[in-house]
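Asker: First the structure, then my questions, so here it is.
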2 protein chains.
Amino acid sequence: MDARAGYEPLTVERLPNRLVGIGALAERVGPDPSAWTVEEVGDGNLNLVFIVGGPRGTVIVKQALPYVRLVGDSWPLPLYRAFYEYHALSRQAARAPGTVPEIYHFDEAQALIVMEYLAPHVILRRKLIAGERVAGLADFLGRYCARTAFRGSELSMPSAEKKADVALFAGNVEIPAITEALVFTDPYFDAELNSHTEGLAPVVAALRADVELKVKAHQALQRFVSNTETMVHGDLHSGSIMATESECRVIDPEFVQYGPMGFDIGMLCANFLMAYFSQPAHRDADLESYQDWILGVIIQLCAVFEEEFRRLWATERTGILFPATLFEDQGHESGAACDAVLAGIWRDAWAVCGIEMHRRCLSLAHNADFEDIADVAARAALEARNLMMGADLIRSAENIRGAEAVCDMARDFNGKDIL
Amino acid sequence: MDARAGYEPLTVERLPNRLVGIGALAERVGPDPSAWTVEEVGDGNLNLVFIVGGPRGTVIVKQALPYVRLVGDSWPLPLYRAFYEYHALSRQAARAPGTVPEIYHFDEAQALIVMEYLAPHVILRRKLIAGERVAGLADFLGRYCARTAFRGSELSMPSAEKKADVALFAGNVEIPAITEALVFTDPYFDAELNSHTEGLAPVVAALRADVELKVKAHQALQRFVSNTETMVHGDLHSGSIMATESECRVIDPEFVQYGPMGFDIGMLCANFLMAYFSQPAHRDADLESYQDWILGVIIQLCAVFEEEFRRLWATERTGILFPATLFEDQGHESGAACDAVLAGIWRDAWAVCGIEMHRRCLSLAHNADFEDIADVAARAALEARNLMMGADLIRSAENIRGAEAVCDMARDFNGKDIL
């Protein structure tokens with residue numbers, strides 16, 4: 001799948017001539033490539049991203065590079081991730097219609113996807129740093145997570161189809177391996193690519209000295225690598241969501257794999273919590289109300305997830321797990337079964353949430369919520385709150401009594417001076 | 001993989017002419033097929049099995065049929081199971097050397113494996129019914145289960161290799177689907193192929209009325225279908241073990257899949273427990289001491305499993321899970337991590353154990369331990385003990401404090417009049 005005779009990275013200059021033959025571009029941008037405007041906007045860690053405009057409209061051209069863009073060609077990364085991104089987007093579009101960009105064209109050899117240009121959407125993380133609100137955000141994300149989790153699992157999918165999908169996505173090895181190392185392991189030892197803000201050394205030392213914490217982090221990794229419950233996005237942070245004031249889309253699923261149903265929502269909540277903890281450095285006016293809005297998003301997102309999951313349980317439970325033959329057909333409610341499945345999801349989610357809060361401050365690929373804080377001492381103090389709460393989440397993931405309890409923890413840590 | 005132009009089932013008469021060209025047969029049986037003796041001995045539920053003898057020796061020729069032999073051609077079953085059996089045997093031989101028959105030849109198109117003839121081995125289940133002891137049985141099985149569990153997991157295997165294996169075995173759909181239905185689901189509703197001994201109706205009704213029990217059974221199914229921790233045999237009952245007075249081999253891994261590390265040992269313990277409960281109908285003399293021997297096998301088998309698993313943890317933990325970088329290299333013991341992994345294994349094992357005890361009396365494919373009891377009332381009384389204990393195991397799997405506690409439960413149920 002990764003033999004790439006003829007693969008060549010695009011440039012702004014050469015893109016029109018290289019892509020002139022693609023019908024989707026002629027149709028959606030315009031038939032004359034000399035009339036196209038091309039801008040490279042890839043600010044992520046992995047890929048080339050071009051905005052291509054013309055008389056008929058604008059599209060995105062995304063092309064994988066054979067290495068990690070953030071690090072350089074010393075870290076090779078297979079081009080086949082475009083193949084998995086394409087298949088992930090197709091499945092997300094089917095399972096949660098309207099939540100991901102439309103695909104116009106896929107070229108496997110060039111590791112290239114032509115897809116819908118989202119405007120005036122911007123990356124959600126930038127909005128959170130700027131203190132902007134997005135109407136309907138929690139509802140959108142809660143439904144997205146519930147629908148992709150439920151409909152990609154054997155609660156709903158025919159077993160043979162799900163197993164074929166597990167086999168397909170098991171080929172996506174190197175990209176999830178980044179998660180296995182950077183997210184679940186590197187924060188807890190002195191890994192080569194780690195870095196952290198000056199002043200955090202005592203917190204880092206405390207985390208690494210906590211054997212119970214490390215055991216629980218790697219129990220979560222064990223579930224991540226060997227629990228193929230559903231197709232997860234795999235990298236659902238606020239940089240993988242684009243939003244206007246009232247509309248959202250989920251992008252960049254190249255970390256796709258079959259994994260635990262709680263993985264995406266756990267990582268997502270972590271990124272809202274980091275946005276929350278970072279706010280005191282980004283604004284004075286409106287601080288409290290904006291922080292409250294963020295926590296409200298977490299609570300609402302989790303409530304909508306549960307509500308939508310229960311709705312799908314009642315209406316789309318067509319798979320081999322917990323079938324009606326064992327419950328409803330015998331005159332028994334299946335609510336206790338749904339509760340048990342949800343309890344497992346939340347256990348996984350809160351552990352992943354805590355781990356993501358650690359890795360974004362301790363290993364490679366920090367997030368802008370904290371990185372944009374120029375005052376190092378202020379940044380360290382805020383990151384310390386985030387790190388200590390992450391540890392509490394990992395340690396107590398099995399016993400957390402819902403998103404409200406998590407937000408209470410966050411308010412508590414938000415008032416603490418840890419360093 | 002299952003296009004079978006030219007596939008043709010062997011018969012005793014035609015086998016010599018059909019297989020004359022196979023070098024392994026010429027070498028191990030003799031070059032002149034007219035000097036071969038052929039006997040068909042397949043008494044299992046699925047395949048043709050021939051013993052082929054000659055001047056140089058004897059081999060087994062096993063050929064898959066395109067349907068379930070036990071039921072007939074109304075239940076088609078893919079021939080590709082021979083492909084998975086072949087790959088399973090190869091991996092078991094590498095991970096637990098000396099525990100499975102040697103393979104001499106594999107013909108994918110004919111779904112045919114030529115393998116080592118085991119003599120004077122007989123099926124362990126027949127020995128247990130006859131009241132025979134096997135020296136070293138528990139040690140053999142404990143080590144087999146620990147080695148295949150550990151060495152097929154990401155505690156040990158490189159991730160890329162394990163993921164490729166998960167993808168390969170994910171193609172084995174229809175055979176594990178039998179387990180999903182017959183083992184985990186059918187006992188708990190009025191499935192078409194179910195049958196049970198006359199007199200058990202009240203027990204069956206009680207099990208099906210127990211919603212908590214059904215929830216826990218399907219949580220175990222959820223783990224079975226979506227937890228790819230290691231390569232499991234998938235059908236490790238006493239009919240899949242051949243033994244002499246002092247030597248054992250594990251056979252028939254066509255139910256292979258990547259699944260929970262506790263699956264095989266759980267199913268195995270269930271089959272020893274059913275042997276235990278059935279004994280009062282098979283002998284008077286020596287009853288107590290033989291029942292004690294069986295429970296001793298369970299206790300020793302679980303102890304050896306733990307001991308071998310801990311030894312491998314200490315000496316072969318080369319995978320991405322719980323690496324030394326997080327523990328030993330930081331001066332921390334990893335014993336608590338191993339304890340946590342083992343706790344998960346036993347939780348899965350005892351739930352599967354209870355479920356297997358149910359399915360062998362309630363759905364298709366009952367076991368001879370009970371089926372051979374001609375006195376229906378006596379059989380029902382013994383099966384009732386087994387069924388009620390199975391329910392207790394499923395309900396309390398998370399809290400069971402080891403194999404001794406399980407054997408105490410068995411002794412307790414062995415004295416109960418349930419019907």
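Residues in the structure tokens are numbered from 1 in each chain, the chains being A, B, ... in the order shown, and ligands are numbered from 1 in the order shown.
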Output as a list in words all residues of range 69-141 of chain A that backbone DSSP marks as alpha helix (DSSP H).
Answerer: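 Here is the list: Arg81, Ala82, Phe83, Tyr84, Glu85, Tyr86, His87, Ala88, Leu89, Ser90, Arg91, Gln92, Ala93, Ala94, Arg95, Leu124, Arg125, Arg126, Lys127, Leu128, Ile129, Ala130, Leu137, Ala138, Asp139, Phe140 and Leu141 of chain A.
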Asker: Would you list which chain B residues are within 6 Å of chain A using only C-alpha atoms, as a VMD selection string?
Answerer: chain B and resid 163 167 170 189 215 218 226 to 229 322 326 337
Asker: Can those selected residues be exported to a file as a PDB file, in the first residue's frame so that it contains C-alpha atoms?
Answerer:
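Saved to result.pdb:
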```
ATOM      1  CA  LYS B 163      -1.469  -5.561  14.425  1.00  0.00           C
ATOM      2  CA  ALA B 167      -5.748  -8.123  10.712  1.00  0.00           C
ATOM      3  CA  ALA B 170      -9.962 -10.878  11.749  1.00  0.00           C
ATOM      4  CA  PHE B 189     -32.966 -17.218  25.297  1.00  0.00           C
ATOM      5  CA  VAL B 215     -25.841  -8.151  31.274  1.00  0.00           C
ATOM      6  CA  HIS B 218     -22.855  -9.904  27.287  1.00  0.00           C
ATOM      7  CA  SER B 226     -13.515  -6.409  20.730  1.00  0.00           C
ATOM      8  CA  ASN B 227     -10.561  -7.179  22.955  1.00  0.00           C
ATOM      9  CA  THR B 228      -7.632  -8.350  20.839  1.00  0.00           C
ATOM     10  CA  GLU B 229      -5.182  -8.785  23.706  1.00  0.00           C
ATOM     11  CA  PHE B 322       4.191  -1.423  30.914  1.00  0.00           C
ATOM     12  CA  LEU B 326       8.257   3.460  33.234  1.00  0.00           C
ATOM     13  CA  ALA B 337       1.266  -3.557  37.190  1.00  0.00           C
TER      14      ALA B 337
END
```
Asker: Mind checking DSSP for range 111-268 of chain A and telling me the strand (DSSP E) residues as JSON, numbers by chain?
Answerer: {"A": [112, 113, 114, 115, 116, 122, 123, 230, 231, 232, 241, 242, 243, 248, 249, 250, 257, 258, 259]}
Asker: Would you write out those residues with N, CA and C atoms, as a CSV table (one decimal), in the first residue's frame?
Answerer:
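Full text of selection.csv as output:
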```
chain,number,residue,atom,x,y,z
A,112,LEU,N,-3.3,12.0,-1.6
A,112,LEU,CA,-3.9,13.3,-1.7
A,112,LEU,C,-5.4,13.3,-1.7
A,113,ILE,N,-6.0,14.2,-0.9
A,113,ILE,CA,-7.5,14.2,-0.9
A,113,ILE,C,-7.9,15.6,-1.2
A,114,VAL,N,-8.9,15.7,-2.2
A,114,VAL,CA,-9.5,17.0,-2.5
A,114,VAL,C,-10.8,17.0,-1.7
A,115,MET,N,-11.0,18.1,-0.9
A,115,MET,CA,-12.2,18.1,-0.1
A,115,MET,C,-12.8,19.5,0.1
A,116,GLU,N,-13.9,19.5,0.7
A,116,GLU,CA,-14.7,20.7,0.9
A,116,GLU,C,-13.9,21.8,1.7
A,122,VAL,N,-13.0,28.5,11.5
A,122,VAL,CA,-11.6,28.5,12.0
A,122,VAL,C,-11.4,27.4,13.0
A,123,ILE,N,-10.1,27.1,13.3
A,123,ILE,CA,-9.8,26.0,14.2
A,123,ILE,C,-10.4,26.4,15.6
A,230,THR,N,-14.9,0.3,18.6
A,230,THR,CA,-15.5,1.1,17.5
A,230,THR,C,-14.4,1.9,16.8
A,231,MET,N,-14.8,2.5,15.7
A,231,MET,CA,-13.8,3.3,14.9
A,231,MET,C,-13.7,4.7,15.6
A,232,VAL,N,-12.5,5.0,16.1
A,232,VAL,CA,-12.3,6.3,16.8
A,232,VAL,C,-11.6,7.2,15.8
A,241,ILE,N,-11.1,20.4,15.2
A,241,ILE,CA,-12.5,20.9,15.0
A,241,ILE,C,-12.5,22.3,14.4
A,242,MET,N,-13.3,22.5,13.4
A,242,MET,CA,-13.4,23.8,12.8
A,242,MET,C,-14.8,24.3,13.1
A,243,ALA,N,-14.9,25.6,13.4
A,243,ALA,CA,-16.1,26.2,13.8
A,243,ALA,C,-16.3,27.6,13.3
A,248,CYS,N,-20.1,23.6,13.1
A,248,CYS,CA,-18.8,22.9,13.4
A,248,CYS,C,-18.6,21.8,12.4
A,249,ARG,N,-17.4,21.4,12.2
A,249,ARG,CA,-17.0,20.2,11.5
A,249,ARG,C,-15.8,19.6,12.2
A,250,VAL,N,-15.7,18.3,12.1
A,250,VAL,CA,-14.6,17.5,12.6
A,250,VAL,C,-13.6,17.2,11.4
A,257,GLN,N,-8.4,4.5,14.2
A,257,GLN,CA,-8.2,3.1,14.4
A,257,GLN,C,-9.5,2.6,15.1
A,258,TYR,N,-9.6,1.3,15.2
A,258,TYR,CA,-10.7,0.8,16.0
A,258,TYR,C,-10.1,0.8,17.5
A,259,GLY,N,-10.8,1.4,18.4
A,259,GLY,CA,-10.4,1.6,19.7
A,259,GLY,C,-11.5,1.7,20.7
```
Asker: So how many Å separate CA of Glu307 in chain B and CA of Ile265 in chain B, to one decimal?
Answerer: 14.1 Å
Asker: Identify, on the basis of only C-alpha atoms, every residue whose closest approach to Ile60 in chain B does not exceed 12 Å; exclude the query and any residue fewer than 3 positions from it along the same chain; express the result as JSON, numbers by chain.
Answerer: {"B": [15, 24, 25, 28, 29, 37, 38, 39, 40, 41, 42, 48, 49, 50, 51, 52, 53, 54, 57, 63, 101, 102, 103, 104, 105, 106, 112, 113, 114, 115, 116, 117, 118, 119, 251]}
Asker: Which distance in Å separates CA of Tyr144 in chain A and CA of Ile294 in chain A, to one decimal?
Answerer: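 So the answer is 18.1 Å.
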Asker: Env of Ala94 in chain B: 10 Å cut, atoms = only C-alpha atoms, seq-sep filter 5 positions within chain, self excluded. Answer as a ChimeraX atom specification.
Answerer: /B:88-89,99-100,147-148,151
Asker: Filtering to C-alpha atoms, could you give me those residues as a PDB file, in the first residue's frame?
Answerer:
```pdb
ATOM      1  CA  ALA B  88      -2.654 -20.823  14.668  1.00  0.00           C
ATOM      2  CA  LEU B  89      -0.665 -24.040  15.015  1.00  0.00           C
ATOM      3  CA  THR B  99       2.494 -28.205  22.972  1.00  0.00           C
ATOM      4  CA  VAL B 100       0.831 -28.750  19.569  1.00  0.00           C
ATOM      5  CA  ARG B 147       2.938 -18.620  27.219  1.00  0.00           C
ATOM      6  CA  THR B 148       0.415 -18.238  24.419  1.00  0.00           C
ATOM      7  CA  ARG B 151       3.792 -14.029  23.959  1.00  0.00           C
TER       8      ARG B 151
END
```
